[in-house]
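Visitor: Here it is, the structure in full.
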Amino acid sequence: MRELSRRAQGGERRASIRALQWPVLLFAFAHVLAGEPGAITENENEIRIVTPELEAAVRKKGYVTGIAAGSLLDKKTGSRDLGYGLDIVDWIMEPGSDEAYRDKLPGDLPYVFGNAWHGKRPKRSIEGPQICTQAKELAPTVVRGRDFVAVQMSWRYTLAAPGHTPGSTWSQTIVFPAGKRYFISSDRIASVNSSDEMFFRIDMPGHIKHKEGDAFSEIYLSYAVNAPGDGKTPIGKIPSSEFSVNFAPDEKYNYRRDTNPIPKRFIRAYHLRDSKTGQPGPWLAGMTLNPADVYEAWCHQRGYVCFIEEIGGHPVKPGGAGAGGESFGAAFIVGYFDSIEEMEAVYDTYSGKSMLEMTAEGWKLK
């Protein structure tokens, strides 16, 4: 009898514990359904963001800017990005050659063109160095909102070409909205120099490491035309077999605002697949929300698929170091999608926007 009594009491205790646990579990589950903005952990090297849909890391040291290589995890499929990072930032540039003074340029400012890496078009660096490889350390800040988490960072250029002043500021905002498999970002330059066609260079969405197209099946470029061929018919999708041999940026799949019609949408994406089984995965897309912000963009093979975009290409006047200079940039969406149609629907929701404003109260594309 005493044994039966103890069992009964134990059962009552377990029932009581379960009764206390259920509200907690239901509360947690409700937060997942509502789209929790995410958890953030931070150490001296990186900031890591975890949401119900994504995981991502922002590097504070080493190879910096944007989302760290291989860290953007799509929890729905288990897929990760394939390159050196997403929304990665380089130099401030303009058209023209630096050949007359190249030997006087400091650091990594010399820009050699007329090759398979950079193509034939003459360009030169105004300010540097290349932030991603040479800044070495950034100080990102984290903002938590009601339905988002965000990271902001900036850096002031330290090198300049003759006739220019170092000190222009690059700034980047990355927002992870609750319930989404993508992030929204913005890059801007506040210039202390002037130029008739100033632009800055980024990786968008990011490069693709592969071996004979093993990790992706196709690329989608919303502005693509047949190559080689009539140069008129938009095809968009390009099989991975087209990237088995190196070719220069301006050889094919090159976009220039001065020679190409500005497309309705500016979407660049690659269709992931399992390199071992060949099973298809999601698309990883990078969308520039105002197509007119893109000066030039290429998608070429140089041992990996190189996804470069140049943003700006308009006259810029300096505002002086104290005033921060005239600002220009673009806004982007980067992340995972199950189809091109899904990409287009999301794009059209935010189309035409060039700026991302963010405070603890919320974020807004303008």
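Each chain in the structure tokens gets a letter, A, B and so on, in the order shown; residues start at 1 in every chain, and ligands are counted from 1 in the order they appear.
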Could you produce a table of the residues of region 257-363 of chain A lying within 10 Å of region 112-124 of chain A, with the nearest pair of atoms per residue and their separation in Å rounded to one decimal, using only C-alpha atoms, ordered by chain and increasing residue number, as JSON lines?
Guide:
{"residue": "A:Trp298", "atom": "CA", "partner": "A:His118", "partner_atom": "CA", "distance": 10.0}
{"residue": "A:His300", "atom": "CA", "partner": "A:Trp117", "partner_atom": "CA", "distance": 9.0}
{"residue": "A:Gln301", "atom": "CA", "partner": "A:Trp117", "partner_atom": "CA", "distance": 9.1}
{"residue": "A:Arg302", "atom": "CA", "partner": "A:Trp117", "partner_atom": "CA", "distance": 6.9}
{"residue": "A:Cys306", "atom": "CA", "partner": "A:Trp117", "partner_atom": "CA", "distance": 9.5}
Visitor: Could you list, as a ChimeraX atom specification, every residue within 9 Å of Ser244 (chain A), counting only C-alpha atoms and ignoring same-chain residues fewer than 6 positions away?
Guide: /A:211-213,301,303
Visitor: Let's have the selection written as a CSV table (one decimal), in the first residue's frame, with C-alpha atoms.
Guide:
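Final output, result.csv:
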chain,number,residue,atom,x,y,z
A,211,LYS,CA,34.9,22.1,-59.3
A,212,GLU,CA,33.5,21.7,-62.8
A,213,GLY,CA,30.1,23.1,-61.6
A,301,GLN,CA,35.0,32.4,-64.4
A,303,GLY,CA,39.1,29.6,-61.0
Visitor: Find the residue from A:Leu159, A:Val245, A:Ala292, A:Val151 that sits nearest to Gly128 (chain A); use only C-alpha atoms when measuring.
Guide: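 Of the candidates, the smallest distance to Gly128 (chain A) is held by A:Leu159.
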Visitor: Set the distance at 9 Å and use only C-alpha atoms: which residues neighbour Pro37 (chain A) once local chain neighbours fewer than 2 positions away are removed? I'd like the list as a list of chain:residue names.
Guide: A:Gly35, A:Ala39, A:Val50, A:Thr51, A:Pro52, A:Arg144, A:Gly145, A:Arg146, A:Asp147, A:Phe148, A:Val149, A:Phe176, A:Pro177, A:Ala178, A:Gly179
Visitor: Mind dumping the selected residues with N, CA and C atoms as a PDB file, in the first residue's frame?
Guide:
ATOM      1  N   GLY A  35       7.754  34.394 -35.350  1.00  0.00           N
ATOM      2  CA  GLY A  35       8.969  34.859 -35.998  1.00  0.00           C
ATOM      3  C   GLY A  35       9.868  35.606 -35.044  1.00  0.00           C
ATOM      4  N   ALA A  39      18.685  35.175 -32.016  1.00  0.00           N
ATOM      5  CA  ALA A  39      19.654  35.218 -30.920  1.00  0.00           C
ATOM      6  C   ALA A  39      20.995  35.680 -31.468  1.00  0.00           C
ATOM      7  N   VAL A  50      21.478  33.974 -35.070  1.00  0.00           N
ATOM      8  CA  VAL A  50      20.715  32.744 -35.253  1.00  0.00           C
ATOM      9  C   VAL A  50      19.231  33.086 -35.186  1.00  0.00           C
ATOM     10  N   THR A  51      18.504  32.805 -36.257  1.00  0.00           N
ATOM     11  CA  THR A  51      17.062  32.970 -36.297  1.00  0.00           C
ATOM     12  C   THR A  51      16.447  31.604 -36.598  1.00  0.00           C
ATOM     13  N   PRO A  52      15.117  31.460 -36.509  1.00  0.00           N
ATOM     14  CA  PRO A  52      14.511  30.179 -36.868  1.00  0.00           C
ATOM     15  C   PRO A  52      14.752  29.788 -38.324  1.00  0.00           C
ATOM     16  N   ARG A 144      18.897  45.281 -31.812  1.00  0.00           N
ATOM     17  CA  ARG A 144      17.772  44.347 -31.720  1.00  0.00           C
ATOM     18  C   ARG A 144      16.481  45.137 -31.745  1.00  0.00           C
ATOM     19  N   GLY A 145      15.613  44.808 -32.689  1.00  0.00           N
ATOM     20  CA  GLY A 145      14.302  45.424 -32.756  1.00  0.00           C
ATOM     21  C   GLY A 145      13.217  44.432 -32.373  1.00  0.00           C
ATOM     22  N   ARG A 146      11.992  44.876 -32.433  1.00  0.00           N
ATOM     23  CA  ARG A 146      10.868  44.013 -32.059  1.00  0.00           C
ATOM     24  C   ARG A 146      10.769  42.806 -32.975  1.00  0.00           C
ATOM     25  N   ASP A 147      11.015  42.990 -34.272  1.00  0.00           N
ATOM     26  CA  ASP A 147      10.859  41.894 -35.224  1.00  0.00           C
ATOM     27  C   ASP A 147      12.067  41.774 -36.157  1.00  0.00           C
ATOM     28  N   PHE A 148      13.254  42.169 -35.683  1.00  0.00           N
ATOM     29  CA  PHE A 148      14.459  42.058 -36.498  1.00  0.00           C
ATOM     30  C   PHE A 148      15.692  42.138 -35.607  1.00  0.00           C
ATOM     31  N   VAL A 149      16.797  41.664 -36.133  1.00  0.00           N
ATOM     32  CA  VAL A 149      18.113  41.943 -35.563  1.00  0.00           C
ATOM     33  C   VAL A 149      18.961  42.523 -36.683  1.00  0.00           C
ATOM     34  N   PHE A 176      18.218  41.409 -40.467  1.00  0.00           N
ATOM     35  CA  PHE A 176      17.603  40.085 -40.564  1.00  0.00           C
ATOM     36  C   PHE A 176      16.160  40.191 -40.082  1.00  0.00           C
ATOM     37  N   PRO A 177      15.190  40.286 -40.998  1.00  0.00           N
ATOM     38  CA  PRO A 177      13.787  40.385 -40.569  1.00  0.00           C
ATOM     39  C   PRO A 177      13.296  39.035 -40.050  1.00  0.00           C
ATOM     40  N   ALA A 178      12.451  39.057 -39.044  1.00  0.00           N
ATOM     41  CA  ALA A 178      11.895  37.826 -38.492  1.00  0.00           C
ATOM     42  C   ALA A 178      11.091  37.091 -39.563  1.00  0.00           C
ATOM     43  N   GLY A 179      11.247  35.767 -39.588  1.00  0.00           N
ATOM     44  CA  GLY A 179      10.437  34.935 -40.465  1.00  0.00           C
ATOM     45  C   GLY A 179      10.898  34.854 -41.897  1.00  0.00           C
TER      46      GLY A 179
END
Visitor: Per DSSP on the backbone, what are the strand (DSSP E) residues of region 127-234 of chain A, as number ranges by chain?
Guide: A: 127-128, 141-144, 148-156, 159-160, 169-177, 182-191, 195-203, 216-221
Visitor: Near region 92-101 of chain A, counting only C-alpha atoms, which residues have an atom at most 9 Å away, once you skip same-chain residues fewer than 3 positions from it, shown as a PyMOL selection string?
Guide: chain A and resi 104-105+110-113+121-130+157+161-162+168+189+195-201+310+313
Visitor: List as a ChimeraX atom specification the protein and nucleic acid residues near Ile262 (chain A), meaning an atom at most 10 Å away when only C-alpha atoms are counted, but skip any in the same chain fewer than 6 places from it.
Guide: /A:223,255-256,290-294
Visitor: Near Leu86 (chain A), within 10 Å and counting only C-alpha atoms, which residues show up once chain neighbours fewer than 5 positions away are dropped, as a PDB file with N, CA and C atoms, in the first residue's frame?
Guide:
ATOM      1  N   THR A  65      33.766  42.652 -43.676  1.00  0.00           N
ATOM      2  CA  THR A  65      32.624  43.211 -44.411  1.00  0.00           C
ATOM      3  C   THR A  65      31.634  42.104 -44.756  1.00  0.00           C
ATOM      4  N   GLY A  66      30.348  42.469 -44.770  1.00  0.00           N
ATOM      5  CA  GLY A  66      29.310  41.533 -45.180  1.00  0.00           C
ATOM      6  C   GLY A  66      29.164  40.330 -44.263  1.00  0.00           C
ATOM      7  N   ILE A  67      28.666  39.239 -44.862  1.00  0.00           N
ATOM      8  CA  ILE A  67      28.432  37.982 -44.156  1.00  0.00           C
ATOM      9  C   ILE A  67      29.595  37.040 -44.445  1.00  0.00           C
ATOM     10  N   ALA A  68      30.148  36.450 -43.404  1.00  0.00           N
ATOM     11  CA  ALA A  68      31.352  35.631 -43.524  1.00  0.00           C
ATOM     12  C   ALA A  68      31.129  34.410 -44.408  1.00  0.00           C
ATOM     13  N   ALA A  69      32.186  33.999 -45.085  1.00  0.00           N
ATOM     14  CA  ALA A  69      32.146  32.889 -46.033  1.00  0.00           C
ATOM     15  C   ALA A  69      31.594  31.621 -45.393  1.00  0.00           C
ATOM     16  N   GLY A  70      30.633  31.009 -46.086  1.00  0.00           N
ATOM     17  CA  GLY A  70      30.086  29.736 -45.661  1.00  0.00           C
ATOM     18  C   GLY A  70      29.224  29.779 -44.429  1.00  0.00           C
ATOM     19  N   SER A  71      28.936  30.961 -43.911  1.00  0.00           N
ATOM     20  CA  SER A  71      28.205  31.051 -42.642  1.00  0.00           C
ATOM     21  C   SER A  71      26.700  31.227 -42.805  1.00  0.00           C
ATOM     22  N   LEU A  72      26.223  31.548 -44.008  1.00  0.00           N
ATOM     23  CA  LEU A  72      24.783  31.756 -44.176  1.00  0.00           C
ATOM     24  C   LEU A  72      24.109  30.401 -44.376  1.00  0.00           C
ATOM     25  N   ASP A  81      26.151  29.169 -48.341  1.00  0.00           N
ATOM     26  CA  ASP A  81      26.758  29.896 -49.451  1.00  0.00           C
ATOM     27  C   ASP A  81      28.097  29.267 -49.823  1.00  0.00           C
ATOM     28  N   ILE A 202      31.673  45.805 -55.080  1.00  0.00           N
ATOM     29  CA  ILE A 202      31.253  44.812 -54.091  1.00  0.00           C
ATOM     30  C   ILE A 202      31.094  43.444 -54.762  1.00  0.00           C
ATOM     31  N   ASP A 203      31.074  42.395 -53.950  1.00  0.00           N
ATOM     32  CA  ASP A 203      30.665  41.065 -54.405  1.00  0.00           C
ATOM     33  C   ASP A 203      29.178  40.945 -54.107  1.00  0.00           C
ATOM     34  N   MET A 204      28.373  40.657 -55.155  1.00  0.00           N
ATOM     35  CA  MET A 204      26.927  40.576 -54.948  1.00  0.00           C
ATOM     36  C   MET A 204      26.332  39.498 -55.849  1.00  0.00           C
ATOM     37  N   PRO A 205      25.732  38.399 -55.302  1.00  0.00           N
ATOM     38  CA  PRO A 205      25.683  38.161 -53.853  1.00  0.00           C
ATOM     39  C   PRO A 205      27.040  37.757 -53.278  1.00  0.00           C
ATOM     40  N   GLY A 206      27.791  36.932 -54.002  1.00  0.00           N
ATOM     41  CA  GLY A 206      29.113  36.490 -53.587  1.00  0.00           C
ATOM     42  C   GLY A 206      29.625  35.493 -54.604  1.00  0.00           C
ATOM     43  N   HIS A 207      30.927  35.240 -54.603  1.00  0.00           N
ATOM     44  CA  HIS A 207      31.535  34.350 -55.580  1.00  0.00           C
ATOM     45  C   HIS A 207      31.117  32.892 -55.333  1.00  0.00           C
ATOM     46  N   GLY A 286      21.134  37.436 -54.985  1.00  0.00           N
ATOM     47  CA  GLY A 286      21.478  38.789 -54.582  1.00  0.00           C
ATOM     48  C   GLY A 286      20.723  39.753 -55.473  1.00  0.00           C
ATOM     49  N   VAL A 334      19.555  39.583 -50.005  1.00  0.00           N
ATOM     50  CA  VAL A 334      20.406  38.422 -50.240  1.00  0.00           C
ATOM     51  C   VAL A 334      19.877  37.259 -49.413  1.00  0.00           C
ATOM     52  N   GLY A 335      19.682  36.117 -50.055  1.00  0.00           N
ATOM     53  CA  GLY A 335      19.227  34.962 -49.294  1.00  0.00           C
ATOM     54  C   GLY A 335      18.724  33.838 -50.161  1.00  0.00           C
TER      55      GLY A 335
END
Visitor: Smallest atom-to-atom distance to Glu55 (chain A): which of A:Phe216, A:Trp363, A:Tyr253, A:Tyr336, using only C-alpha atoms?
Guide: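 Of all the options, A:Tyr336 lies closest to Glu55 (chain A).
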Visitor: What is the distance between CA of Gln134 (chain A) and CA of Ala160 (chain A), in Å to one decimal?
Guide: 14.2 Å
Visitor: Rank A:Ile333, A:Val64, A:Leu272, A:Cys299 by their smallest atom-to-atom distance to Ala135 (chain A), using only C-alpha atoms, and report the top residue only.
Guide: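 When distances to Ala135 (chain A) are compared using only C-alpha atoms, the smallest one comes from A:Val64.
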Visitor: For CA of Asp74 (chain A) and CA of Leu54 (chain A), quote the distance in Å rounded to one decimal.
Guide: 5.1 Å
Visitor: I need the helix (DSSP H, G or I) residues of region 68-281 of chain A per DSSP on the backbone, written as a ChimeraX atom specification.
Guide: /A:102-104,131-134,240-243
Visitor: Ser351 (chain A): which residues within 12 Å, counting only C-alpha atoms, same-chain residues fewer than 2 positions away excluded, as a PDB file with C-alpha atoms, in the first residue's frame?
Guide:
ATOM      1  CA  PRO A 263      16.369  45.868 -66.591  1.00  0.00           C
ATOM      2  CA  LYS A 264      13.090  45.785 -64.682  1.00  0.00           C
ATOM      3  CA  ARG A 265      14.800  43.739 -61.958  1.00  0.00           C
ATOM      4  CA  PHE A 266      18.467  43.279 -61.106  1.00  0.00           C
ATOM      5  CA  ILE A 267      18.719  39.730 -59.738  1.00  0.00           C
ATOM      6  CA  MET A 287      19.067  41.540 -55.641  1.00  0.00           C
ATOM      7  CA  THR A 288      19.983  45.183 -56.202  1.00  0.00           C
ATOM      8  CA  LEU A 289      16.642  46.822 -55.527  1.00  0.00           C
ATOM      9  CA  ASN A 290      17.152  49.852 -57.775  1.00  0.00           C
ATOM     10  CA  PRO A 291      18.628  48.561 -61.067  1.00  0.00           C
ATOM     11  CA  ALA A 292      19.799  52.069 -61.972  1.00  0.00           C
ATOM     12  CA  ASP A 293      22.265  51.972 -59.056  1.00  0.00           C
ATOM     13  CA  ALA A 330      22.445  50.898 -53.000  1.00  0.00           C
ATOM     14  CA  ALA A 331      20.179  48.488 -51.129  1.00  0.00           C
ATOM     15  CA  PHE A 332      20.054  44.715 -51.563  1.00  0.00           C
ATOM     16  CA  ILE A 333      18.247  41.541 -50.606  1.00  0.00           C
ATOM     17  CA  MET A 343      12.635  35.960 -55.994  1.00  0.00           C
ATOM     18  CA  GLU A 344      10.668  38.187 -58.354  1.00  0.00           C
ATOM     19  CA  ALA A 345       7.729  38.491 -55.951  1.00  0.00           C
ATOM     20  CA  VAL A 346      10.014  39.580 -53.091  1.00  0.00           C
ATOM     21  CA  TYR A 347      11.930  41.910 -55.399  1.00  0.00           C
ATOM     22  CA  ASP A 348       8.748  43.634 -56.559  1.00  0.00           C
ATOM     23  CA  THR A 349       7.739  44.270 -52.942  1.00  0.00           C
ATOM     24  CA  LYS A 353      14.677  51.391 -53.166  1.00  0.00           C
ATOM     25  CA  SER A 354      18.295  52.560 -52.745  1.00  0.00           C
ATOM     26  CA  MET A 355      18.656  53.286 -49.019  1.00  0.00           C
ATOM     27  CA  LEU A 365      13.828  51.018 -47.320  1.00  0.00           C
ATOM     28  CA  LYS A 366      13.749  54.369 -49.130  1.00  0.00           C
TER      29      LYS A 366
END
Visitor: Quote the spacing between CA of Thr165 (chain A) and CA of Gly107 (chain A) in Å to one decimal place.
Guide: 14.8 Å
Visitor: Find, counting only C-alpha atoms, the residue in A:Ile40, A:Ile49, A:Ser222, A:Pro318 that gets nearest to His164 (chain A).
Guide: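 Going through A:Ile40, A:Ile49, A:Ser222, A:Pro318 one by one, the smallest distance to His164 (chain A) is for A:Pro318.
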